[in-house]
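**Student:** This is the content of upload22.tsv (TSV, C-alpha atoms):
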```tsv
chain	number	residue	atom	x	y	z
I	180	MET	CA	-47.67	-27.72	59.12
I	181	ASN	CA	-51.37	-28.44	59.57
I	182	PRO	CA	-53.26	-30.90	57.31
I	183	ARG	CA	-55.04	-28.13	55.39
I	184	ASP	CA	-51.74	-26.49	54.45
I	185	ILE	CA	-50.22	-29.83	53.41
I	186	ARG	CA	-53.24	-30.64	51.26
I	187	ALA	CA	-53.07	-27.24	49.56
I	188	ARG	CA	-49.53	-28.03	48.36
I	189	LEU	CA	-50.53	-31.35	46.76
I	190	PRO	CA	-52.21	-32.05	43.40
I	191	SER	CA	-55.99	-32.17	43.10
I	192	ASP	CA	-56.04	-34.99	40.52
I	193	LEU	CA	-54.09	-38.14	39.66
I	194	LEU	CA	-52.66	-36.94	36.35
I	195	SER	CA	-51.12	-33.91	38.04
I	196	TRP	CA	-49.55	-36.25	40.59
I	197	ARG	CA	-48.21	-38.60	37.93
I	198	ILE	CA	-46.78	-35.68	35.95
I	199	PRO	CA	-46.36	-32.75	38.36
I	200	GLY	CA	-44.32	-30.78	35.85
I	201	PRO	CA	-41.92	-31.07	32.90
I	202	ASP	CA	-38.79	-31.46	35.03
I	203	LEU	CA	-37.73	-34.32	37.27
I	204	ILE	CA	-37.20	-31.90	40.15
I	205	ASP	CA	-40.98	-31.48	40.21
I	206	ASP	CA	-41.25	-35.05	41.50
I	207	VAL	CA	-38.89	-34.20	44.35
I	208	THR	CA	-40.90	-31.14	45.39
I	209	LEU	CA	-44.17	-33.07	45.20
I	210	TRP	CA	-43.12	-35.89	47.50
I	211	GLU	CA	-41.29	-33.60	49.92
I	212	ASN	CA	-44.64	-31.86	50.42
I	213	ALA	CA	-46.15	-35.26	51.26
I	214	ARG	CA	-43.33	-36.41	53.58
I	215	LYS	CA	-45.11	-35.55	56.85
I	216	ILE	CA	-48.14	-37.65	55.82
I	217	PHE	CA	-45.93	-40.73	55.92
I	218	GLU	CA	-43.86	-39.71	58.92
I	219	ASP	CA	-47.09	-39.55	60.92
I	220	VAL	CA	-47.64	-43.27	60.24
I	221	ASN	CA	-43.97	-44.19	60.78
I	222	ILE	CA	-43.05	-44.60	57.13
I	223	TYR	CA	-39.84	-42.92	55.95
I	224	LEU	CA	-39.72	-41.66	52.35
I	225	TRP	CA	-36.34	-42.18	50.74
I	226	GLN	CA	-34.17	-39.24	49.74
I	227	TRP	CA	-33.36	-38.25	46.17
I	228	THR	CA	-29.61	-38.53	45.62
I	229	ASP	CA	-29.61	-37.61	41.91
I	230	PRO	CA	-32.24	-37.07	39.19
I	231	CYS	CA	-32.61	-40.82	38.63
I	232	TYR	CA	-32.67	-42.47	42.03
I	233	GLN	CA	-34.03	-42.36	45.54
I	234	ARG	CA	-32.04	-44.14	48.22
I	235	ALA	CA	-32.70	-45.42	51.72
I	236	ARG	CA	-30.95	-43.86	54.67
I	237	GLU	CA	-27.33	-44.79	55.27
I	238	GLY	CA	-27.04	-47.30	58.06
I	239	ASP	CA	-30.53	-48.76	57.73
I	240	MET	CA	-30.50	-52.48	58.40
I	241	VAL	CA	-30.95	-54.65	55.32
I	242	LEU	CA	-33.96	-56.89	55.95
I	243	SER	CA	-35.27	-59.63	53.68
I	244	SER	CA	-38.98	-59.30	53.06
I	245	GLY	CA	-38.93	-62.15	50.55
I	246	PHE	CA	-39.50	-59.89	47.53
I	247	ALA	CA	-35.99	-58.90	46.40
I	248	TYR	CA	-32.87	-61.01	46.13
I	249	ILE	CA	-29.42	-60.71	44.56
I	250	ARG	CA	-27.34	-63.45	42.95
I	251	LYS	CA	-24.00	-63.81	44.69
I	252	GLN	CA	-22.21	-63.06	41.41
I	253	ARG	CA	-23.89	-59.61	41.40
I	254	VAL	CA	-23.36	-58.62	45.03
I	255	GLU	CA	-20.34	-56.43	44.35
I	256	SER	CA	-21.94	-54.43	41.53
I	257	TRP	CA	-25.62	-54.55	42.56
I	258	GLY	CA	-25.32	-54.91	46.32
I	259	SER	CA	-27.32	-51.76	47.02
I	260	ILE	CA	-30.15	-52.54	44.63
I	261	THR	CA	-32.64	-53.23	47.42
I	262	LYS	CA	-32.03	-49.78	48.86
I	263	ARG	CA	-32.28	-47.80	45.63
I	264	PHE	CA	-35.45	-46.94	43.72
I	265	ASN	CA	-35.36	-45.91	40.05
I	266	ASN	CA	-38.47	-43.78	39.84
I	267	LEU	CA	-40.03	-43.60	36.35
I	268	ASN	CA	-43.37	-42.28	37.53
I	269	GLY	CA	-44.24	-39.39	39.84
I	270	SER	CA	-46.99	-41.53	41.36
I	271	CYS	CA	-44.48	-43.73	43.23
I	272	HIS	CA	-41.74	-43.25	45.81
I	273	GLY	CA	-39.30	-45.51	47.66
I	274	ALA	CA	-39.89	-45.87	51.40
I	275	THR	CA	-38.91	-47.76	54.53
I	276	MET	CA	-41.55	-49.23	56.83
I	277	ALA	CA	-41.41	-48.81	60.61
I	278	ASP	CA	-40.07	-52.36	60.92
I	279	GLY	CA	-37.24	-51.61	58.46
I	280	HIS	CA	-38.57	-53.34	55.35
I	281	SER	CA	-38.13	-51.60	52.00
I	282	ALA	CA	-41.37	-50.53	50.34
I	283	VAL	CA	-42.87	-48.39	47.59
I	284	ALA	CA	-45.55	-45.79	48.31
I	285	ARG	CA	-48.01	-44.88	45.58
I	286	ILE	CA	-50.89	-42.46	45.21
I	287	ILE	CA	-53.97	-44.53	44.33
I	288	ALA	CA	-57.02	-42.32	44.65
I	289	ILE	CA	-57.88	-38.64	44.95
I	290	GLY	CA	-61.55	-37.97	45.54
I	291	ASP	CA	-63.55	-39.94	42.99
I	292	GLY	CA	-60.49	-40.48	40.80
I	293	GLY	CA	-58.74	-43.84	41.11
I	294	GLN	CA	-61.60	-45.71	42.75
I	295	ASN	CA	-61.40	-48.54	40.19
I	296	HIS	CA	-57.69	-48.87	40.98
I	297	LEU	CA	-58.40	-48.95	44.70
I	298	ASN	CA	-61.24	-51.46	44.37
I	299	ALA	CA	-59.13	-53.79	42.22
I	300	LEU	CA	-56.33	-53.76	44.81
I	301	ARG	CA	-58.74	-54.41	47.67
I	302	LYS	CA	-60.11	-57.39	45.78
I	303	LEU	CA	-56.80	-58.87	44.57
I	304	ALA	CA	-53.91	-57.57	46.68
I	305	CYS	CA	-55.13	-58.21	50.22
I	306	GLY	CA	-57.41	-60.64	52.02
I	307	ALA	CA	-57.76	-64.37	51.40
I	308	ASP	CA	-57.30	-64.12	47.62
I	309	SER	CA	-53.86	-62.56	48.07
I	310	LEU	CA	-52.64	-65.87	49.53
I	311	LEU	CA	-53.58	-67.99	46.51
I	312	VAL	CA	-50.61	-69.44	44.64
I	313	ASP	CA	-51.85	-68.42	41.20
I	314	ASN	CA	-52.49	-64.83	42.25
I	315	HIS	CA	-49.39	-62.88	41.25
I	316	THR	CA	-50.75	-59.45	42.18
I	317	ILE	CA	-48.25	-57.40	44.19
I	318	PRO	CA	-49.47	-57.40	47.83
I	319	LEU	CA	-50.95	-54.23	49.29
I	320	TRP	CA	-49.28	-53.92	52.69
I	321	ARG	CA	-51.34	-51.00	53.90
I	322	GLU	CA	-53.44	-48.01	52.91
I	323	VAL	CA	-52.55	-44.50	54.07
I	324	HIS	CA	-55.47	-42.07	54.13
I	325	PHE	CA	-55.06	-38.30	54.16
I	326	GLU	CA	-57.90	-35.87	53.49
I	327	ASP	CA	-59.41	-36.99	50.14
I	328	MET	CA	-56.35	-39.05	49.15
I	329	VAL	CA	-55.55	-42.75	49.48
I	330	PHE	CA	-51.99	-44.03	49.16
I	331	GLY	CA	-50.96	-47.67	48.92
I	332	VAL	CA	-47.76	-49.10	50.39
I	333	PHE	CA	-46.35	-52.16	48.63
I	334	PRO	CA	-43.25	-54.34	49.09
I	335	PHE	CA	-40.14	-53.30	47.21
I	336	ILE	CA	-39.55	-55.91	44.51
I	337	GLY	CA	-36.10	-56.45	43.07
I	338	GLU	CA	-36.41	-56.34	39.29
I	339	THR	CA	-38.75	-55.84	36.34
I	340	LEU	CA	-39.62	-58.04	33.38
I	341	GLU	CA	-38.98	-55.05	31.14
I	342	ASN	CA	-35.27	-55.85	31.38
I	343	CYS	CA	-35.53	-59.65	31.21
I	344	TYR	CA	-33.58	-59.86	27.93
I	345	ALA	CA	-31.71	-56.57	28.12
I	346	PRO	CA	-28.08	-56.95	26.99
I	347	TRP	CA	-26.71	-56.54	30.51
I	348	ILE	CA	-29.00	-59.28	31.89
I	349	LYS	CA	-27.84	-62.83	31.15
I	350	ASN	CA	-31.18	-64.65	31.23
I	351	SER	CA	-31.60	-67.78	29.16
I	352	VAL	CA	-34.67	-68.66	27.13
I	353	GLY	CA	-35.69	-70.96	29.97
I	354	ASP	CA	-35.45	-68.12	32.49
I	355	ILE	CA	-37.52	-65.79	30.31
I	356	ILE	CA	-40.26	-68.27	29.38
I	357	ASP	CA	-40.70	-69.25	33.03
I	358	MET	CA	-41.33	-65.56	33.81
I	359	ILE	CA	-43.75	-65.21	30.89
I	360	LEU	CA	-45.63	-68.31	32.03
I	361	GLN	CA	-45.96	-66.95	35.58
I	362	ALA	CA	-47.13	-63.61	34.21
I	363	LEU	CA	-49.84	-65.38	32.21
I	364	GLN	CA	-50.88	-67.31	35.31
I	365	GLY	CA	-51.23	-64.00	37.15
I	366	LEU	CA	-53.16	-62.40	34.29
I	367	ALA	CA	-55.50	-65.39	34.08
I	368	PHE	CA	-56.21	-65.12	37.80
I	369	VAL	CA	-57.08	-61.43	37.50
I	370	HIS	CA	-59.40	-62.23	34.59
I	371	SER	CA	-61.04	-65.00	36.61
I	372	ARG	CA	-62.09	-62.25	39.05
I	373	ASN	CA	-63.66	-60.28	36.18
I	374	ILE	CA	-60.96	-57.61	36.25
I	375	ALA	CA	-59.22	-56.42	33.08
I	376	HIS	CA	-55.77	-54.99	33.79
I	377	ARG	CA	-55.68	-52.86	30.62
I	378	ASP	CA	-51.96	-52.05	30.89
I	379	ALA	CA	-50.46	-55.54	30.69
I	380	ASP	CA	-47.13	-54.49	29.23
I	381	LYS	CA	-44.13	-56.47	30.49
I	382	ALA	CA	-42.94	-53.30	32.24
I	383	ASN	CA	-45.79	-53.79	34.73
I	384	PHE	CA	-44.60	-57.21	35.84
I	385	LEU	CA	-41.94	-57.39	38.54
I	386	VAL	CA	-39.68	-60.27	39.55
I	387	GLN	CA	-37.70	-61.06	42.70
I	388	TRP	CA	-34.42	-61.39	40.79
I	389	HIS	CA	-33.09	-62.33	37.36
I	390	PRO	CA	-31.72	-65.90	37.33
I	391	GLU	CA	-29.13	-65.16	34.61
I	392	SER	CA	-28.46	-68.81	33.94
I	393	LEU	CA	-26.39	-67.90	30.87
I	394	ASP	CA	-23.84	-66.53	33.33
I	395	THR	CA	-23.56	-69.80	35.27
I	396	MET	CA	-24.55	-72.09	32.38
I	397	GLN	CA	-26.58	-74.11	34.86
I	398	VAL	CA	-30.34	-74.60	35.05
I	399	PRO	CA	-31.45	-72.70	38.18
I	400	ILE	CA	-32.49	-74.79	41.16
I	401	VAL	CA	-34.87	-72.07	42.34
I	402	ARG	CA	-36.92	-69.74	40.14
I	403	PRO	CA	-37.95	-66.19	41.10
I	404	ARG	CA	-41.62	-65.31	41.52
I	405	VAL	CA	-43.25	-62.80	39.17
I	406	TYR	CA	-45.70	-60.12	40.39
I	407	LEU	CA	-48.31	-58.10	38.50
I	408	ASN	CA	-48.18	-54.39	39.27
I	409	ASP	CA	-49.90	-51.09	38.40
I	410	PHE	CA	-53.69	-51.47	38.33
I	411	GLU	CA	-54.22	-47.78	37.54
I	412	ARG	CA	-56.27	-48.57	34.41
I	413	ALA	CA	-57.87	-51.76	35.74
I	414	TRP	CA	-61.61	-52.17	35.46
I	415	GLU	CA	-63.94	-54.71	37.02
I	416	LEU	CA	-66.44	-55.89	34.43
I	417	PRO	CA	-69.66	-57.91	34.74
I	418	THR	CA	-68.62	-59.29	31.33
I	419	CYS	CA	-65.41	-58.94	29.34
I	420	ILE	CA	-66.91	-56.31	27.01
I	421	PHE	CA	-65.37	-52.86	27.25
I	422	SER	CA	-65.27	-49.61	25.28
I	423	ASN	CA	-62.89	-46.66	25.32
I	424	ASP	CA	-65.55	-44.19	26.41
I	425	MET	CA	-65.48	-45.91	29.82
I	426	ASP	CA	-61.84	-44.92	30.33
I	427	PRO	CA	-61.02	-41.37	31.51
I	428	LEU	CA	-57.29	-41.94	30.88
I	429	SER	CA	-57.52	-43.25	27.30
I	430	HIS	CA	-56.58	-39.86	25.77
I	431	ILE	CA	-53.11	-39.87	27.39
I	432	TYR	CA	-52.36	-43.58	27.08
I	433	SER	CA	-49.24	-44.12	24.99
I	434	ARG	CA	-48.59	-47.88	24.86
I	435	PRO	CA	-49.56	-49.91	21.77
I	436	THR	CA	-53.09	-51.30	21.91
I	437	ALA	CA	-54.78	-54.20	20.14
I	438	PRO	CA	-56.35	-53.48	16.72
I	439	GLU	CA	-59.91	-53.84	18.01
I	440	VAL	CA	-59.39	-51.06	20.58
I	441	GLN	CA	-59.21	-48.54	17.74
I	442	SER	CA	-62.32	-49.87	15.99
I	443	GLY	CA	-64.78	-47.76	17.93
I	444	GLU	CA	-66.77	-50.91	18.69
I	445	PRO	CA	-67.06	-52.70	22.06
I	446	TYR	CA	-64.31	-55.27	22.49
I	447	ASP	CA	-63.14	-58.08	24.77
I	448	ALA	CA	-60.93	-56.34	27.33
I	449	PHE	CA	-59.44	-59.64	28.52
I	450	LYS	CA	-58.28	-60.52	25.00
I	451	THR	CA	-56.70	-57.06	24.64
I	452	ASP	CA	-54.68	-57.76	27.81
I	453	VAL	CA	-53.34	-60.90	26.14
I	454	TRP	CA	-52.46	-58.99	22.96
I	455	GLN	CA	-50.72	-56.22	24.84
I	456	PHE	CA	-48.68	-58.55	27.01
I	457	SER	CA	-47.42	-60.54	24.02
I	458	ALA	CA	-46.88	-57.40	21.94
I	459	SER	CA	-44.50	-56.10	24.60
I	460	PHE	CA	-42.28	-59.09	23.67
I	461	TRP	CA	-42.43	-58.24	19.96
I	462	ASP	CA	-38.62	-58.18	19.65
I	463	PHE	CA	-38.08	-61.51	21.46
I	464	ARG	CA	-37.78	-64.98	19.93
I	465	SER	CA	-37.09	-68.11	21.92
I	466	THR	CA	-36.06	-69.96	18.72
I	467	VAL	CA	-38.18	-72.88	19.97
I	468	PRO	CA	-41.00	-73.10	17.38
I	469	ALA	CA	-43.68	-74.45	19.72
I	470	ILE	CA	-43.06	-71.61	22.19
I	471	ASP	CA	-42.85	-68.83	19.59
I	472	GLU	CA	-46.08	-70.03	17.96
I	473	VAL	CA	-47.96	-69.43	21.22
I	474	LEU	CA	-46.50	-65.95	21.64
I	475	GLU	CA	-47.39	-65.07	18.04
I	476	ALA	CA	-50.95	-66.36	18.47
I	477	MET	CA	-51.36	-64.14	21.54
I	478	ARG	CA	-50.76	-61.01	19.47
I	479	GLY	CA	-52.85	-62.06	16.50
I	480	ASP	CA	-54.99	-59.33	14.96
I	481	ASN	CA	-58.19	-61.37	15.11
I	482	ALA	CA	-59.51	-61.27	18.67
I	483	ALA	CA	-61.91	-64.15	17.95
I	484	THR	CA	-59.03	-66.57	17.33
I	485	ARG	CA	-56.64	-65.06	19.86
I	486	PRO	CA	-56.28	-67.30	22.94
I	487	SER	CA	-57.56	-66.16	26.32
I	488	SER	CA	-55.03	-65.71	29.11
I	489	SER	CA	-55.81	-69.16	30.54
I	490	GLU	CA	-55.61	-70.80	27.11
I	491	ALA	CA	-52.30	-69.09	26.38
I	492	ARG	CA	-50.99	-70.10	29.81
I	493	ASP	CA	-51.90	-73.75	29.25
I	494	ARG	CA	-50.56	-73.91	25.70
I	495	LEU	CA	-47.30	-72.26	26.68
I	496	ALA	CA	-46.96	-74.57	29.69
I	497	VAL	CA	-47.22	-77.62	27.42
I	498	ALA	CA	-44.60	-76.27	25.03
I	499	PHE	CA	-42.29	-75.20	27.86
I	500	HIS	CA	-42.53	-78.37	29.91
I	501	SER	CA	-42.17	-80.59	26.84
I	502	THR	CA	-38.68	-79.23	26.31
I	503	ALA	CA	-35.84	-80.43	28.53
I	504	PRO	CA	-34.60	-77.54	30.72
I	505	ILE	CA	-31.02	-78.04	29.52
I	506	HIS	CA	-32.20	-77.39	25.95
I	507	LEU	CA	-33.53	-73.99	27.02
I	508	LEU	CA	-30.16	-72.94	28.42
I	509	ILE	CA	-29.68	-70.86	25.29
I	510	PRO	CA	-29.68	-67.12	24.57
I	511	PRO	CA	-32.82	-65.53	23.13
I	512	GLU	CA	-32.91	-63.96	19.71
I	513	VAL	CA	-33.55	-60.23	20.05
I	514	HIS	CA	-34.33	-57.92	17.14
I	515	GLU	CA	-31.74	-55.29	16.37
I	516	GLU	CA	-33.68	-52.45	17.94
I	517	LEU	CA	-32.89	-50.23	20.89
I	518	LEU	CA	-34.66	-51.53	23.99
I	519	VAL	CA	-35.18	-47.93	25.07
I	520	CYS	CA	-36.09	-45.17	22.62
I	521	ASP	CA	-33.56	-42.38	22.10
I	522	HIS	CA	-36.25	-39.80	21.69
I	523	VAL	CA	-40.01	-39.59	22.11
I	524	GLU	CA	-41.85	-37.66	19.42
I	525	CYS	CA	-43.66	-34.70	20.96
I	526	ASP	CA	-46.87	-35.15	18.97
I	527	ARG	CA	-47.52	-38.47	20.73
I	528	PHE	CA	-47.87	-36.78	24.11
I	529	PRO	CA	-49.88	-33.79	25.30
I	530	GLY	CA	-48.30	-30.83	27.05
I	531	GLY	CA	-45.00	-31.43	28.80
I	532	ILE	CA	-45.28	-35.23	28.82
I	533	ALA	CA	-42.85	-35.62	25.91
I	534	GLN	CA	-40.14	-33.78	27.81
I	535	ARG	CA	-40.64	-36.05	30.79
I	536	ALA	CA	-40.80	-39.14	28.57
I	537	ASN	CA	-37.36	-38.33	27.24
I	538	ALA	CA	-36.13	-37.90	30.80
I	539	TRP	CA	-37.61	-41.32	31.67
I	540	SER	CA	-35.80	-42.77	28.65
I	541	SER	CA	-32.54	-41.37	30.02
I	542	ARG	CA	-33.26	-42.96	33.39
I	543	LEU	CA	-33.84	-46.34	31.78
I	544	ARG	CA	-30.62	-46.13	29.80
I	545	GLY	CA	-28.85	-45.49	33.10
I	546	VAL	CA	-29.96	-48.90	34.40
I	547	SER	CA	-27.37	-50.56	32.17
I	548	ASP	CA	-24.64	-48.81	34.11
I	549	LEU	CA	-25.55	-50.45	37.42
```
Could you write out this file's structure as structure tokens?
**Tutor:**
Amino acid sequence: MNPRDIRARLPSDLLSWRIPGPDLIDDVTLWENARKIFEDVNIYLWQWTDPCYQRAREGDMVLSSGFAYIRKQRVESWGSITKRFNNLNGSCHGATMADGHSAVARIIAIGDGGQNHLNALRKLACGADSLLVDNHTIPLWREVHFEDMVFGVFPFIGETLENCYAPWIKNSVGDIIDMILQALQGLAFVHSRNIAHRDADKANFLVQWHPESLDTMQVPIVRPRVYLNDFERAWELPTCIFSNDMDPLSHIYSRPTAPEVQSGEPYDAFKTDVWQFSASFWDFRSTVPAIDEVLEAMRGDNAATRPSSSEARDRLAVAFHSTAPIHLLIPPEVHEELLVCDHVECDRFPGGIAQRANAWSSRLRGVSDL
């Protein structure tokens, strides 16, 4: 098939790529149409094996890229986790690089759409800044260009912070707060480069593995590294001031946002990142007062008194490091709420997005069966 014919089969905008249709099979058709683009640069797109997962080819060598690990206690049940991708977003697809490393391909830009995303990645995810210890941005391994489209290829990372206190994950308070502290370090670095992430929910932070120290009842010797992902809504700002009329995706955005975002007035986009990150932990309590006070302050309604990402990082670090690690080998307190919604109300989403949101919810519930 020639490039013109391939391009004609692919979406003309990013929203149509993210949500190609109301059914999950639409994702399969979309990426099958793009398969040759990646084959031409020696990247193999994984195959769908059921509506929830894509899997690497049988017989592919398992290579460590340093981004995904498995605890030995989980090998039997989760041994294939580094070769299986649970796709919650039509924008992404599991892949294998020419050298055998597991990766994730993502559409970043189509024409003028997505240029902020692309620019943020070029500034944070590659080059000298990508080597800095306090930069937790997921590395951009390569760009793939085709016609008016730009794809990014990223390392496959083992787990997500979204599940860090899910009932099937045995993380202690110490495990979880270490991840939160790293996430704040990464967010502060992004802000130091005048970039607001603007989707700083815990679901957009990835982690090499879950320590699950409540399973071993030992303080981990080694901690996993946390990575910041998904810069689709990111914006580079000369100052921190932002307004919703700058954002072409605001009308379809469904996550909770800080009170000031709805005011109609310009607001501090860096402070809203802090609010959103902490708000995504609304159902979590460490039961350590000094730690919980910091998390509560981060989601305070008053942006003027809300700490910046660097202030929150430093305050949480003091509280965390002032407590003996053995005293944090305790379970978190989690509110009696479902971690994944049973149903998404249709009036919150335009068009067929509600139908897909319910399908995504089903996929997430399936994670507990791994």
**Student:** Mind checking which residues fall within 7 Å of Ala413 (chain I), counting all atoms listed in the file, ignoring those fewer than 2 positions away in the same chain, and posting them as a list of chain:residue names?
**Tutor:** I:Asn295, I:His296, I:Ala299, I:Ile374, I:Ala375, I:His376, I:Arg377, I:Phe410, I:Glu411, I:Glu415
**Student:** Output C-alpha atoms for every residue in the selection just made, as a JSON list (two decimals), in the coordinates of the input.
**Tutor:**
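Result file out_14.json:
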```json
[["chain", "number", "residue", "atom", "x", "y", "z"],
["I", 295, "ASN", "CA", -61.40, -48.54, 40.19],
["I", 296, "HIS", "CA", -57.69, -48.87, 40.98],
["I", 299, "ALA", "CA", -59.13, -53.79, 42.22],
["I", 374, "ILE", "CA", -60.96, -57.61, 36.25],
["I", 375, "ALA", "CA", -59.22, -56.42, 33.08],
["I", 376, "HIS", "CA", -55.77, -54.99, 33.79],
["I", 377, "ARG", "CA", -55.68, -52.86, 30.62],
["I", 410, "PHE", "CA", -53.69, -51.47, 38.33],
["I", 411, "GLU", "CA", -54.22, -47.78, 37.54],
["I", 415, "GLU", "CA", -63.94, -54.71, 37.02]]
```
**Student:** Determine, using all atoms listed in the file, which residues of region 375-491 of chain I have any atom at most 12 Å from an atom of region 310-330 of chain I, and tabulate each with its shortest atom pair and distance in Å to one decimal place, rows ordered by chain and then rising number, as a Markdown table.
**Tutor:**
```
| residue | atom | partner | partner_atom | distance |
| --- | --- | --- | --- | --- |
| I:His376 | CA | I:Thr316 | CA | 10.7 |
| I:Asn383 | CA | I:Ile317 | CA | 10.4 |
| I:Phe384 | CA | I:Thr316 | CA | 9.1 |
| I:Leu385 | CA | I:Ile317 | CA | 8.5 |
| I:Val386 | CA | I:Ile317 | CA | 10.2 |
| I:Gln387 | CA | I:Ile317 | CA | 11.3 |
| I:Pro403 | CA | I:His315 | CA | 11.9 |
| I:Arg404 | CA | I:His315 | CA | 8.1 |
| I:Val405 | CA | I:His315 | CA | 6.5 |
| I:Tyr406 | CA | I:His315 | CA | 4.7 |
| I:Leu407 | CA | I:Thr316 | CA | 4.6 |
| I:Asn408 | CA | I:Ile317 | CA | 5.8 |
| I:Asp409 | CA | I:Ile317 | CA | 8.7 |
| I:Phe410 | CA | I:Thr316 | CA | 9.3 |
| I:Ser489 | CA | I:Asp313 | CA | 11.4 |
```
**Student:** Using only C-alpha atoms for the distances, tell me which of I:Ala235, I:Cys305, I:Ala382, I:Leu507 is nearest to Thr275 (chain I).
**Tutor:**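 Result for the nearest residue to Thr275 (chain I): I:Ala235.
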**Student:** Contacts of Ala274 (chain I) at 12 Å or less, counting only C-alpha atoms, minus same-chain residues fewer than 2 places along, as a PyMOL selection string?
**Tutor:** chain I and resi 210+214+217-218+221-227+233-236+239+261-264+266+271-272+276-285+331-335
**Student:** Closest to Glu391 (chain I) among I:Leu360, I:Ala458, I:Leu474, I:Ala345, using all atoms listed in the file?
**Tutor:**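 Comparing I:Leu360, I:Ala458, I:Leu474, I:Ala345 against Glu391 (chain I), the winner is I:Ala345.
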**Student:** Compare I:Trp388, I:Ala491, I:Asn373, I:Asp357 by their minimum atom-to-atom distance to Pro504 (chain I), counting all atoms listed in the file, and give me the closest one.
**Tutor:**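 So, comparing all the options, the nearest one is I:Asp357.
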**Student:** With all atoms listed in the file counted, which protein, DNA or RNA residues have an atom no more than 10 Å from (-47.8, -33.5, 50.6) in the file frame? Please answer as a PDB file with C-alpha atoms, in the coordinates of the input.
**Tutor:**
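Written output follows (point.pdb):
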```pdb
ATOM      1  CA  PRO I 182     -53.260 -30.900  57.310  1.00  0.00           C
ATOM      2  CA  ASP I 184     -51.740 -26.490  54.450  1.00  0.00           C
ATOM      3  CA  ILE I 185     -50.220 -29.830  53.410  1.00  0.00           C
ATOM      4  CA  ARG I 186     -53.240 -30.640  51.260  1.00  0.00           C
ATOM      5  CA  ALA I 187     -53.070 -27.240  49.560  1.00  0.00           C
ATOM      6  CA  ARG I 188     -49.530 -28.030  48.360  1.00  0.00           C
ATOM      7  CA  LEU I 189     -50.530 -31.350  46.760  1.00  0.00           C
ATOM      8  CA  PRO I 190     -52.210 -32.050  43.400  1.00  0.00           C
ATOM      9  CA  THR I 208     -40.900 -31.140  45.390  1.00  0.00           C
ATOM     10  CA  LEU I 209     -44.170 -33.070  45.200  1.00  0.00           C
ATOM     11  CA  TRP I 210     -43.120 -35.890  47.500  1.00  0.00           C
ATOM     12  CA  GLU I 211     -41.290 -33.600  49.920  1.00  0.00           C
ATOM     13  CA  ASN I 212     -44.640 -31.860  50.420  1.00  0.00           C
ATOM     14  CA  ALA I 213     -46.150 -35.260  51.260  1.00  0.00           C
ATOM     15  CA  ARG I 214     -43.330 -36.410  53.580  1.00  0.00           C
ATOM     16  CA  LYS I 215     -45.110 -35.550  56.850  1.00  0.00           C
ATOM     17  CA  ILE I 216     -48.140 -37.650  55.820  1.00  0.00           C
ATOM     18  CA  PHE I 217     -45.930 -40.730  55.920  1.00  0.00           C
ATOM     19  CA  PHE I 325     -55.060 -38.300  54.160  1.00  0.00           C
TER      20      PHE I 325
END
```
**Student:** Just give me the gap between CA of Thr436 (chain I) and CA of Cys231 (chain I) in Å, one decimal is fine.
**Tutor:**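 Between CA of Thr436 (chain I) and CA of Cys231 (chain I) the gap works out to 28.4 Å.
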**Student:** Smallest atom-to-atom distance to Ser191 (chain I): which of I:Gly290, I:Val241, I:Val220, I:Ser270, using only C-alpha atoms?
**Tutor:** I:Gly290
